[in-house]
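As provided, start_33.cif (mmCIF, C-alpha atoms and all ligand atoms) reads as follows.
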data_query
#
loop_
_atom_site.group_PDB
_atom_site.id
_atom_site.type_symbol
_atom_site.label_atom_id
_atom_site.label_comp_id
_atom_site.auth_asym_id
_atom_site.auth_seq_id
_atom_site.Cartn_x
_atom_site.Cartn_y
_atom_site.Cartn_z
ATOM 1 C CA MET A 1 180.512 -89.724 189.413
ATOM 2 C CA THR A 2 183.948 -90.896 190.244
ATOM 3 C CA GLN A 3 185.989 -94.040 189.874
ATOM 4 C CA ARG A 4 185.185 -94.657 193.537
ATOM 5 C CA GLU A 5 181.573 -95.210 192.628
ATOM 6 C CA PHE A 6 180.495 -98.839 192.590
ATOM 7 C CA GLN A 7 183.841 -99.954 193.924
ATOM 8 C CA ALA A 8 181.698 -101.867 196.311
ATOM 9 C CA PHE A 9 183.212 -103.917 199.052
ATOM 10 C CA ASP A 10 183.253 -107.627 198.856
ATOM 11 C CA ASN A 11 181.059 -108.419 201.861
ATOM 12 C CA SER A 12 182.717 -111.758 202.235
ATOM 13 C CA ASN A 13 185.597 -109.940 203.942
ATOM 14 C CA SER A 14 183.340 -108.935 206.778
ATOM 15 C CA ASN A 15 181.511 -112.241 207.076
ATOM 16 C CA PRO A 16 183.367 -115.491 207.519
ATOM 17 C CA ARG A 17 182.031 -117.779 204.839
ATOM 18 C CA ARG A 18 180.691 -121.203 205.537
ATOM 19 C CA SER A 19 179.214 -123.793 203.337
ATOM 20 C CA LEU A 20 175.513 -124.512 203.592
ATOM 21 C CA THR A 21 173.791 -127.180 201.623
ATOM 22 C CA SER A 22 170.307 -126.471 200.418
ATOM 23 C CA ASN A 23 168.199 -129.368 201.568
ATOM 24 C CA ASN A 24 165.414 -129.294 199.045
ATOM 25 C CA SER A 25 167.075 -128.534 195.777
ATOM 26 C CA PRO A 26 168.832 -130.397 193.058
ATOM 27 C CA PRO A 27 172.511 -129.551 193.307
ATOM 28 C CA PRO A 28 173.060 -126.152 191.670
ATOM 29 C CA SER A 29 176.309 -127.381 190.250
ATOM 30 C CA LYS A 30 177.622 -127.741 186.754
ATOM 31 C CA PRO A 31 174.879 -128.674 184.341
ATOM 32 C CA SER A 32 174.888 -131.312 181.689
ATOM 33 C CA THR A 33 177.110 -130.345 178.802
ATOM 34 C CA ASN A 34 174.816 -131.805 176.186
ATOM 35 C CA ILE A 35 172.163 -129.167 175.846
ATOM 36 C CA GLN A 36 169.679 -128.231 173.208
ATOM 37 C CA ILE A 37 170.434 -124.802 171.844
ATOM 38 C CA ALA A 38 167.544 -122.841 170.481
ATOM 39 C CA ALA A 39 167.506 -119.898 168.080
ATOM 40 C CA THR A 40 169.752 -119.865 165.045
ATOM 41 C CA MET A 41 172.390 -122.382 166.047
ATOM 42 C CA SER A 42 172.815 -125.667 164.303
ATOM 43 C CA PRO A 43 171.020 -128.333 166.356
ATOM 44 C CA SER A 44 174.137 -130.449 166.228
ATOM 45 C CA THR A 45 176.248 -127.764 167.885
ATOM 46 C CA GLN A 46 177.354 -128.938 171.307
ATOM 47 C CA ARG A 47 178.617 -126.785 174.143
ATOM 48 C CA ALA A 48 182.235 -127.754 173.547
ATOM 49 C CA ASP A 49 182.023 -126.232 170.077
ATOM 50 C CA LEU A 50 180.883 -122.854 171.241
ATOM 51 C CA LYS A 51 182.891 -119.706 170.702
ATOM 52 C CA PRO A 52 183.442 -117.669 173.861
ATOM 53 C CA LEU A 53 180.801 -115.072 174.632
ATOM 54 C CA THR A 54 182.061 -111.630 175.695
ATOM 55 C CA LEU A 55 180.771 -110.250 178.976
ATOM 56 C CA HIS A 56 181.270 -106.518 179.453
ATOM 57 C CA ALA A 57 181.642 -105.873 183.150
ATOM 58 C CA HIS A 58 182.905 -103.639 185.926
ATOM 59 C CA SER A 59 184.985 -104.807 188.868
ATOM 60 C CA GLY A 60 182.585 -103.594 191.565
ATOM 61 C CA GLY A 61 179.071 -103.039 190.224
ATOM 62 C CA PRO A 62 176.694 -105.880 191.121
ATOM 63 C CA ASN A 63 174.883 -106.459 187.848
ATOM 64 C CA PRO A 64 177.648 -108.074 185.747
ATOM 65 C CA PHE A 65 178.341 -110.648 188.486
ATOM 66 C CA LYS A 66 174.828 -112.050 188.066
ATOM 67 C CA ILE A 67 175.497 -112.731 184.408
ATOM 68 C CA ALA A 68 178.956 -114.174 185.028
ATOM 69 C CA SER A 69 177.332 -116.535 187.556
ATOM 70 C CA ALA A 70 174.734 -117.601 184.991
ATOM 71 C CA LEU A 71 177.480 -118.230 182.402
ATOM 72 C CA GLU A 72 179.319 -120.356 184.965
ATOM 73 C CA PHE A 73 176.194 -122.323 185.905
ATOM 74 C CA LEU A 74 175.623 -122.989 182.220
ATOM 75 C CA SER A 75 179.285 -123.982 181.659
ATOM 76 C CA LEU A 76 179.497 -121.538 178.762
ATOM 77 C CA PRO A 77 182.889 -120.285 177.592
ATOM 78 C CA TYR A 78 183.255 -116.515 178.015
ATOM 79 C CA THR A 79 185.786 -113.756 178.233
ATOM 80 C CA VAL A 80 185.402 -110.653 180.366
ATOM 81 C CA LYS A 81 186.065 -107.089 179.235
ATOM 82 C CA VAL A 82 186.251 -104.796 182.258
ATOM 83 C CA TRP A 83 185.294 -101.134 181.901
ATOM 84 C CA ASP A 84 186.255 -98.341 184.284
ATOM 85 C CA PHE A 85 184.509 -95.227 185.531
ATOM 86 C CA ASN A 86 186.284 -92.814 183.210
ATOM 87 C CA ASP A 87 185.734 -91.303 179.752
ATOM 88 C CA ASP A 88 188.642 -92.985 178.001
ATOM 89 C CA PRO A 89 187.222 -93.923 174.565
ATOM 90 C CA THR A 90 188.447 -97.514 174.755
ATOM 91 C CA THR A 91 188.188 -98.379 178.459
ATOM 92 C CA GLY A 92 185.670 -95.970 179.977
ATOM 93 C CA LEU A 93 182.006 -96.198 180.946
ATOM 94 C CA LYS A 94 181.498 -92.440 180.926
ATOM 95 C CA GLY A 95 180.245 -90.505 177.935
ATOM 96 C CA THR A 96 180.332 -91.750 174.350
ATOM 97 C CA THR A 97 182.990 -94.423 174.515
ATOM 98 C CA PHE A 98 183.355 -97.608 172.491
ATOM 99 C CA LEU A 99 181.010 -99.298 174.972
ATOM 100 C CA THR A 100 178.084 -97.327 173.540
ATOM 101 C CA THR A 101 178.569 -99.141 170.221
ATOM 102 C CA ILE A 102 177.774 -102.344 172.114
ATOM 103 C CA SER A 103 175.287 -101.069 174.712
ATOM 104 C CA GLU A 104 173.513 -97.858 173.735
ATOM 105 C CA ASN A 105 173.058 -97.224 177.461
ATOM 106 C CA GLY A 106 176.821 -97.333 177.985
ATOM 107 C CA ARG A 107 176.433 -99.465 181.090
ATOM 108 C CA VAL A 108 177.318 -102.989 182.098
ATOM 109 C CA PRO A 109 176.555 -105.841 181.874
ATOM 110 C CA ALA A 110 176.420 -106.223 178.130
ATOM 111 C CA LEU A 111 176.799 -109.600 176.506
ATOM 112 C CA GLU A 112 177.930 -110.487 172.980
ATOM 113 C CA ASP A 113 177.245 -113.969 171.675
ATOM 114 C CA PRO A 114 179.090 -114.896 168.451
ATOM 115 C CA ASN A 115 177.314 -118.269 168.441
ATOM 116 C CA VAL A 116 173.957 -116.736 167.613
ATOM 117 C CA THR A 117 174.112 -114.246 164.785
ATOM 118 C CA VAL A 118 171.807 -111.859 162.974
ATOM 119 C CA ASP A 119 172.054 -109.627 159.890
ATOM 120 C CA GLY A 120 174.649 -111.709 158.099
ATOM 121 C CA GLY A 121 176.923 -112.551 160.992
ATOM 122 C CA LYS A 122 176.588 -109.947 163.730
ATOM 123 C CA PRO A 123 176.648 -111.453 167.225
ATOM 124 C CA VAL A 124 173.463 -111.083 169.236
ATOM 125 C CA ILE A 125 174.054 -108.402 171.866
ATOM 126 C CA SER A 126 172.066 -108.053 175.063
ATOM 127 C CA TRP A 127 172.321 -105.476 177.840
ATOM 128 C CA GLU A 128 170.415 -104.868 181.078
ATOM 129 C CA SER A 129 171.043 -107.782 183.413
ATOM 130 C CA GLY A 130 167.426 -108.978 183.119
ATOM 131 C CA ALA A 131 167.648 -109.131 179.326
ATOM 132 C CA CYS A 132 171.089 -110.807 179.420
ATOM 133 C CA MET A 133 169.832 -113.407 181.909
ATOM 134 C CA ASN A 134 166.683 -114.157 179.949
ATOM 135 C CA TYR A 135 168.659 -114.383 176.711
ATOM 136 C CA LEU A 136 170.912 -117.027 178.276
ATOM 137 C CA ARG A 137 167.909 -118.862 179.695
ATOM 138 C CA ARG A 138 166.060 -118.942 176.369
ATOM 139 C CA VAL A 139 169.015 -119.919 174.206
ATOM 140 C CA TYR A 140 171.090 -122.172 176.463
ATOM 141 C CA ASP A 141 168.651 -123.447 179.082
ATOM 142 C CA ALA A 142 165.367 -123.752 177.228
ATOM 143 C CA ASP A 143 164.129 -126.541 179.494
ATOM 144 C CA GLY A 144 165.084 -124.579 182.633
ATOM 145 C CA LYS A 145 167.155 -127.477 184.017
ATOM 146 C CA VAL A 146 169.951 -125.188 185.177
ATOM 147 C CA LEU A 147 168.404 -121.798 185.874
ATOM 148 C CA GLY A 148 164.737 -122.667 186.416
ATOM 149 C CA PRO A 149 161.905 -122.067 186.822
ATOM 150 C CA ARG A 150 161.324 -125.131 189.014
ATOM 151 C CA ASN A 151 158.350 -126.499 190.862
ATOM 152 C CA ALA A 152 158.456 -126.979 194.633
ATOM 153 C CA LYS A 153 159.976 -130.447 194.144
ATOM 154 C CA GLY A 154 162.811 -128.984 192.079
ATOM 155 C CA GLU A 155 161.499 -130.375 188.805
ATOM 156 C CA THR A 156 161.699 -128.377 185.580
ATOM 157 C CA GLY A 157 160.114 -128.349 182.159
ATOM 158 C CA SER A 158 156.634 -128.220 180.787
ATOM 159 C CA GLY A 159 154.296 -130.664 182.438
ATOM 160 C CA LYS A 160 156.154 -130.280 185.724
ATOM 161 C CA VAL A 161 156.322 -126.510 186.194
ATOM 162 C CA SER A 162 152.904 -124.910 186.684
ATOM 163 C CA GLU A 163 151.776 -121.500 185.528
ATOM 164 C CA GLN A 164 151.915 -120.435 189.193
ATOM 165 C CA ASP A 165 155.575 -121.574 189.386
ATOM 166 C CA ARG A 166 156.381 -119.467 186.310
ATOM 167 C CA VAL A 167 154.556 -116.443 187.645
ATOM 168 C CA ASP A 168 156.286 -116.798 191.018
ATOM 169 C CA PHE A 169 159.644 -116.883 189.240
ATOM 170 C CA GLU A 170 158.799 -113.689 187.342
ATOM 171 C CA LYS A 171 157.374 -111.928 190.417
ATOM 172 C CA TRP A 172 160.618 -112.301 192.324
ATOM 173 C CA GLU A 173 162.754 -111.627 189.253
ATOM 174 C CA TYR A 174 160.949 -108.364 188.490
ATOM 175 C CA LEU A 175 160.885 -107.323 192.143
ATOM 176 C CA LEU A 176 164.681 -107.421 192.187
ATOM 177 C CA LEU A 177 165.161 -105.757 188.808
ATOM 178 C CA THR A 178 162.636 -102.974 189.234
ATOM 179 C CA THR A 179 162.778 -102.342 192.970
ATOM 180 C CA VAL A 180 165.214 -104.095 195.318
ATOM 181 C CA GLY A 181 168.256 -103.468 193.073
ATOM 182 C CA PRO A 182 167.442 -99.785 192.475
ATOM 183 C CA MET A 183 166.675 -99.188 196.192
ATOM 184 C CA MET A 184 170.045 -100.713 197.106
ATOM 185 C CA GLY A 185 171.707 -98.649 194.377
ATOM 186 C CA GLN A 186 170.214 -95.414 195.703
ATOM 187 C CA THR A 187 171.190 -96.374 199.256
ATOM 188 C CA ASN A 188 174.773 -96.764 198.082
ATOM 189 C CA TRP A 189 174.552 -93.467 196.232
ATOM 190 C CA PHE A 190 173.257 -91.422 199.157
ATOM 191 C CA ARG A 191 175.507 -93.169 201.662
ATOM 192 C CA HIS A 192 178.733 -92.809 199.687
ATOM 193 C CA TYR A 193 178.588 -90.524 196.671
ATOM 194 C CA ASN A 194 175.986 -87.753 196.718
ATOM 195 C CA PRO A 195 178.109 -84.580 196.922
ATOM 196 C CA THR A 196 175.747 -83.008 199.477
ATOM 197 C CA PRO A 197 174.795 -85.127 202.493
ATOM 198 C CA ASN A 198 171.067 -85.846 202.283
ATOM 199 C CA GLU A 199 169.881 -87.764 205.301
ATOM 200 C CA ASP A 200 166.201 -87.686 204.268
ATOM 201 C CA ALA A 201 166.967 -89.378 200.968
ATOM 202 C CA LEU A 202 169.284 -91.900 202.614
ATOM 203 C CA ASN A 203 166.640 -92.754 205.232
ATOM 204 C CA ARG A 204 164.002 -93.109 202.547
ATOM 205 C CA TYR A 205 166.062 -95.666 200.600
ATOM 206 C CA VAL A 206 167.285 -97.533 203.688
ATOM 207 C CA GLY A 207 163.631 -97.754 204.768
ATOM 208 C CA GLN A 208 162.672 -99.177 201.392
ATOM 209 C CA VAL A 209 165.494 -101.718 201.506
ATOM 210 C CA ASN A 210 164.374 -102.804 204.985
ATOM 211 C CA HIS A 211 160.789 -103.174 203.804
ATOM 212 C CA TYR A 212 161.872 -105.468 200.971
ATOM 213 C CA PHE A 213 164.410 -107.373 203.058
ATOM 214 C CA GLY A 214 161.543 -108.138 205.465
ATOM 215 C CA LEU A 215 159.545 -109.494 202.559
ATOM 216 C CA ILE A 216 162.453 -111.614 201.295
ATOM 217 C CA GLU A 217 163.070 -112.918 204.835
ATOM 218 C CA LYS A 218 159.464 -114.190 204.966
ATOM 219 C CA GLN A 219 159.833 -115.750 201.535
ATOM 220 C CA LEU A 220 163.055 -117.505 202.600
ATOM 221 C CA ALA A 221 161.216 -119.073 205.556
ATOM 222 C CA LYS A 222 159.577 -121.365 202.971
ATOM 223 C CA THR A 223 162.940 -123.009 202.255
ATOM 224 C CA ASP A 224 164.785 -122.285 205.517
ATOM 225 C CA GLY A 225 167.048 -119.978 203.539
ATOM 226 C CA ALA A 226 167.952 -122.471 200.791
ATOM 227 C CA SER A 227 166.604 -120.508 197.825
ATOM 228 C CA ILE A 228 164.321 -117.598 197.065
ATOM 229 C CA LEU A 229 161.776 -119.911 195.455
ATOM 230 C CA PRO A 230 160.878 -123.380 196.712
ATOM 231 C CA GLY A 231 162.512 -126.058 194.581
ATOM 232 C CA GLY A 232 166.107 -124.856 194.538
ATOM 233 C CA VAL A 233 168.457 -122.187 193.292
ATOM 234 C CA THR A 234 167.446 -120.511 190.024
ATOM 235 C CA ALA A 235 168.344 -117.415 188.021
ATOM 236 C CA VAL A 236 166.245 -115.479 190.542
ATOM 237 C CA ASP A 237 168.798 -116.248 193.270
ATOM 238 C CA LEU A 238 171.600 -115.060 190.976
ATOM 239 C CA HIS A 239 169.830 -111.731 190.486
ATOM 240 C CA TYR A 240 169.467 -111.233 194.243
ATOM 241 C CA GLU A 241 172.999 -112.423 195.046
ATOM 242 C CA GLY A 242 174.549 -109.555 193.101
ATOM 243 C CA TRP A 243 172.831 -107.001 195.309
ATOM 244 C CA ILE A 244 172.675 -108.811 198.659
ATOM 245 C CA HIS A 245 176.463 -109.181 198.301
ATOM 246 C CA GLN A 246 176.621 -105.422 198.867
ATOM 247 C CA THR A 247 174.681 -105.104 202.137
ATOM 248 C CA ALA A 248 177.728 -104.279 204.285
ATOM 249 C CA TYR A 249 178.785 -101.605 201.836
ATOM 250 C CA ALA A 250 175.255 -100.187 201.780
ATOM 251 C CA GLY A 251 175.316 -100.130 205.587
ATOM 252 C CA ILE A 252 172.244 -102.329 206.015
ATOM 253 C CA ASP A 253 171.938 -104.036 209.390
ATOM 254 C CA MET A 254 171.381 -107.732 208.613
ATOM 255 C CA GLN A 255 170.609 -108.720 212.204
ATOM 256 C CA PRO A 256 166.808 -108.736 211.572
ATOM 257 C CA TYR A 257 167.303 -110.990 208.541
ATOM 258 C CA PRO A 258 168.992 -114.231 209.657
ATOM 259 C CA LEU A 259 167.619 -116.288 206.777
ATOM 260 C CA LEU A 260 168.743 -113.724 204.233
ATOM 261 C CA ALA A 261 172.212 -113.711 205.808
ATOM 262 C CA LYS A 262 172.274 -117.533 205.752
ATOM 263 C CA TRP A 263 171.159 -117.590 202.110
ATOM 264 C CA ALA A 264 173.819 -115.003 201.175
ATOM 265 C CA LYS A 265 176.582 -117.123 202.718
ATOM 266 C CA MET A 266 175.298 -120.220 200.952
ATOM 267 C CA MET A 267 175.170 -118.427 197.606
ATOM 268 C CA ILE A 268 178.716 -117.109 197.697
ATOM 269 C CA GLU A 269 179.972 -120.624 198.483
ATOM 270 C CA LEU A 270 178.461 -122.091 195.305
ATOM 271 C CA GLU A 271 181.292 -122.980 192.941
ATOM 272 C CA PRO A 272 179.832 -121.208 189.866
ATOM 273 C CA VAL A 273 179.272 -118.031 191.902
ATOM 274 C CA LYS A 274 182.808 -118.137 193.322
ATOM 275 C CA ALA A 275 184.181 -118.714 189.818
ATOM 276 C CA ALA A 276 182.197 -115.756 188.455
ATOM 277 C CA TYR A 277 183.604 -113.360 191.059
ATOM 278 C CA ALA A 278 187.121 -114.705 190.548
ATOM 279 C CA LYS A 279 186.897 -114.301 186.775
ATOM 280 C CA ILE A 280 185.733 -110.678 186.835
ATOM 281 C CA LYS A 281 188.196 -109.731 189.572
ATOM 282 C CA ALA A 282 191.052 -111.363 187.619
ATOM 283 C CA ALA A 283 190.056 -109.539 184.428
ATOM 284 C CA ALA A 284 190.043 -106.243 186.349
ATOM 285 C CA LYS A 285 193.691 -106.592 187.444
HETATM 286 N N1 LIG B 1 169.470 -101.850 185.382
HETATM 287 C C1 LIG B 1 170.753 -102.201 184.839
HETATM 288 C C2 LIG B 1 171.834 -101.453 185.538
HETATM 289 C C3 LIG B 1 173.117 -101.333 184.741
HETATM 290 C C4 LIG B 1 174.061 -100.471 185.529
HETATM 291 O O1 LIG B 1 173.720 -99.367 185.987
HETATM 292 N N2 LIG B 1 175.279 -100.959 185.678
HETATM 293 C C5 LIG B 1 176.273 -100.227 186.410
HETATM 294 C C6 LIG B 1 177.302 -101.200 186.961
HETATM 295 S S1 LIG B 1 176.529 -102.436 187.987
HETATM 296 C C7 LIG B 1 176.950 -99.246 185.476
HETATM 297 O O2 LIG B 1 177.296 -99.600 184.368
HETATM 298 N N3 LIG B 1 177.134 -98.007 185.917
HETATM 299 C C8 LIG B 1 177.794 -97.019 185.138
HETATM 300 C C9 LIG B 1 177.374 -95.611 185.476
HETATM 301 O O3 LIG B 1 176.625 -95.433 186.446
HETATM 302 O O4 LIG B 1 177.818 -94.710 184.784
HETATM 303 C C10 LIG B 1 171.001 -103.740 184.895
HETATM 304 O O5 LIG B 1 170.275 -104.451 185.614
HETATM 305 O O6 LIG B 1 171.880 -104.195 184.180
#

The structure given in the file should be rewritten as structure tokens.
Amino acid sequence: MTQREFQAFDNSNSNPRRSLTSNNSPPPSKPSTNIQIAATMSPSTQRADLKPLTLHAHSGGPNPFKIASALEFLSLPYTVKVWDFNDDPTTGLKGTTFLTTISENGRVPALEDPNVTVDGGKPVISWESGACMNYLRRVYDADGKVLGPRNAKGETGSGKVSEQDRVDFEKWEYLLLTTVGPMMGQTNWFRHYNPTPNEDALNRYVGQVNHYFGLIEKQLAKTDGASILPGGVTAVDLHYEGWIHQTAYAGIDMQPYPLLAKWAKMMIELEPVKAAYAKIKAAAK
């Protein structure tokens, strides 16, 4: 694979952005700064006292942006370390570079949190965007106020959120992580990088993406494109945003999916999402 891989286009260049307000959700803006932090932190520790987390990222790949967005939604301090598609021991993603001492898989995102330590002071490290997201949710958003799950009224917390709400959250989360993301990734691969053109494989993955985009379009009809799940934007939307951001690059025709296109424009206008993209892009310069 080459450096060109995953240098995905910013779709916003091909789509004029406009601001849409979700009409049924609590504002997905900056959360309260006075949160309860679970795990090993002192209960008196407040967000202002936190040390910056380190997000390992790449300038184009979709998965780190999801985690940067979550960090922004949670108002957590963080620094970004950008890795490149080369085998340089200190900056590269390829082969056994320093990154593999942080993420055995040698891929990004990976997240180091010096605020929560194990084994006499080692920061907790997560990798795989699903694990990073759920780590942040458990430790910094235990009541789900910022990242969900929510009920259809937008309420969070036990007593408000039903078992069905939680299962719905996980259904759509896992669908993205196990299926929609990988189908988009393979579409990108066979459209742009496979050394031998393989139209059958490309058609197979484009077909899969279209199947799932049809499903998401129906789901978005429940909120008129305001959020994947009724009740407002959650971590699930952040997972999808990373990949739906890449539809132009993947060559997916969005004309059959007006609600998905509307949702995508709304998402990229959210301040925490804009800040996440800006922060990774700035770190990549
Ligand atoms: N399933 C993983 C995917 C991680 C992944 O493949 N990340 C890409 C960037 S978005 C990467 O590091 N690619 C490096 C490579 O392919 O060598 C997740 O959700 O985090």

(message) Excluding Val108 of chain A and its own-chain neighbours fewer than 3 positions away, which residues fall within 9 Å of it when counting all atoms listed in the file? Please give them as an MDAnalysis selection string.
(response) chainID A and resid 55:58 61 63:64 83 93 99 103 105 111 127:129

Export of prior selection with C-alpha atoms as a PDB file, in the frame of the given file:
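And here is the file that came out, again13.pdb:
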ATOM      1  CA  LEU A  55     180.771-110.250 178.976  1.00  0.00           C
ATOM      2  CA  HIS A  56     181.270-106.518 179.453  1.00  0.00           C
ATOM      3  CA  ALA A  57     181.642-105.873 183.150  1.00  0.00           C
ATOM      4  CA  HIS A  58     182.905-103.639 185.926  1.00  0.00           C
ATOM      5  CA  GLY A  61     179.071-103.039 190.224  1.00  0.00           C
ATOM      6  CA  ASN A  63     174.883-106.459 187.848  1.00  0.00           C
ATOM      7  CA  PRO A  64     177.648-108.074 185.747  1.00  0.00           C
ATOM      8  CA  TRP A  83     185.294-101.134 181.901  1.00  0.00           C
ATOM      9  CA  LEU A  93     182.006 -96.198 180.946  1.00  0.00           C
ATOM     10  CA  LEU A  99     181.010 -99.298 174.972  1.00  0.00           C
ATOM     11  CA  SER A 103     175.287-101.069 174.712  1.00  0.00           C
ATOM     12  CA  ASN A 105     173.058 -97.224 177.461  1.00  0.00           C
ATOM     13  CA  LEU A 111     176.799-109.600 176.506  1.00  0.00           C
ATOM     14  CA  TRP A 127     172.321-105.476 177.840  1.00  0.00           C
ATOM     15  CA  GLU A 128     170.415-104.868 181.078  1.00  0.00           C
ATOM     16  CA  SER A 129     171.043-107.782 183.413  1.00  0.00           C
TER      17      SER A 129
END

In terms of all atoms listed in the file, the residue from A:Gln164, A:Asn210, A:Thr223, A:Asn134 at minimal distance from ligand LIG 1 (chain B) is A:Asn134

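Going from atom CA of Ile252 of chain A over to atom CA of His239 of chain A, you cover 18.3 Å.
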
Exercise. Taking the file as shown, find all residues satisfying the PyMOL selection byres (((not hetatm)) within 10 of (chain B and resi 1)) and write them as JSON, numbers by chain.
Key: {"A": [1, 2, 3, 5, 6, 7, 8, 56, 57, 58, 59, 60, 61, 62, 63, 64, 65, 66, 67, 83, 84, 85, 86, 87, 92, 93, 94, 95, 103, 105, 106, 107, 108, 109, 110, 126, 127, 128, 129, 130, 131, 132, 133, 176, 177, 178, 181, 182, 185, 239, 242, 243]}

* To do: Specify as a PyMOL selection string each residue included when the PyMOL selection byres (((chain A and resi 165) around 12) and not hetatm) is applied to this file.
  => chain A and resi 148-164+166-172+229-231+234

Just C-alpha atoms for this one: save the residues we selected as a PDB file, in the frame of the given file.
ATOM      1  CA  GLY A 148     164.737-122.667 186.416  1.00  0.00           C
ATOM      2  CA  PRO A 149     161.905-122.067 186.822  1.00  0.00           C
ATOM      3  CA  ARG A 150     161.324-125.131 189.014  1.00  0.00           C
ATOM      4  CA  ASN A 151     158.350-126.499 190.862  1.00  0.00           C
ATOM      5  CA  ALA A 152     158.456-126.979 194.633  1.00  0.00           C
ATOM      6  CA  LYS A 153     159.976-130.447 194.144  1.00  0.00           C
ATOM      7  CA  GLY A 154     162.811-128.984 192.079  1.00  0.00           C
ATOM      8  CA  GLU A 155     161.499-130.375 188.805  1.00  0.00           C
ATOM      9  CA  THR A 156     161.699-128.377 185.580  1.00  0.00           C
ATOM     10  CA  GLY A 157     160.114-128.349 182.159  1.00  0.00           C
ATOM     11  CA  SER A 158     156.634-128.220 180.787  1.00  0.00           C
ATOM     12  CA  GLY A 159     154.296-130.664 182.438  1.00  0.00           C
ATOM     13  CA  LYS A 160     156.154-130.280 185.724  1.00  0.00           C
ATOM     14  CA  VAL A 161     156.322-126.510 186.194  1.00  0.00           C
ATOM     15  CA  SER A 162     152.904-124.910 186.684  1.00  0.00           C
ATOM     16  CA  GLU A 163     151.776-121.500 185.528  1.00  0.00           C
ATOM     17  CA  GLN A 164     151.915-120.435 189.193  1.00  0.00           C
ATOM     18  CA  ARG A 166     156.381-119.467 186.310  1.00  0.00           C
ATOM     19  CA  VAL A 167     154.556-116.443 187.645  1.00  0.00           C
ATOM     20  CA  ASP A 168     156.286-116.798 191.018  1.00  0.00           C
ATOM     21  CA  PHE A 169     159.644-116.883 189.240  1.00  0.00           C
ATOM     22  CA  GLU A 170     158.799-113.689 187.342  1.00  0.00           C
ATOM     23  CA  LYS A 171     157.374-111.928 190.417  1.00  0.00           C
ATOM     24  CA  TRP A 172     160.618-112.301 192.324  1.00  0.00           C
ATOM     25  CA  LEU A 229     161.776-119.911 195.455  1.00  0.00           C
ATOM     26  CA  PRO A 230     160.878-123.380 196.712  1.00  0.00           C
ATOM     27  CA  GLY A 231     162.512-126.058 194.581  1.00  0.00           C
ATOM     28  CA  THR A 234     167.446-120.511 190.024  1.00  0.00           C
TER      29      THR A 234
END

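For the atom pair formed by atom CA of Tyr257 of chain A and atom CA of Leu220 of chain A, the distance is 9.8 Å, given to one decimal.
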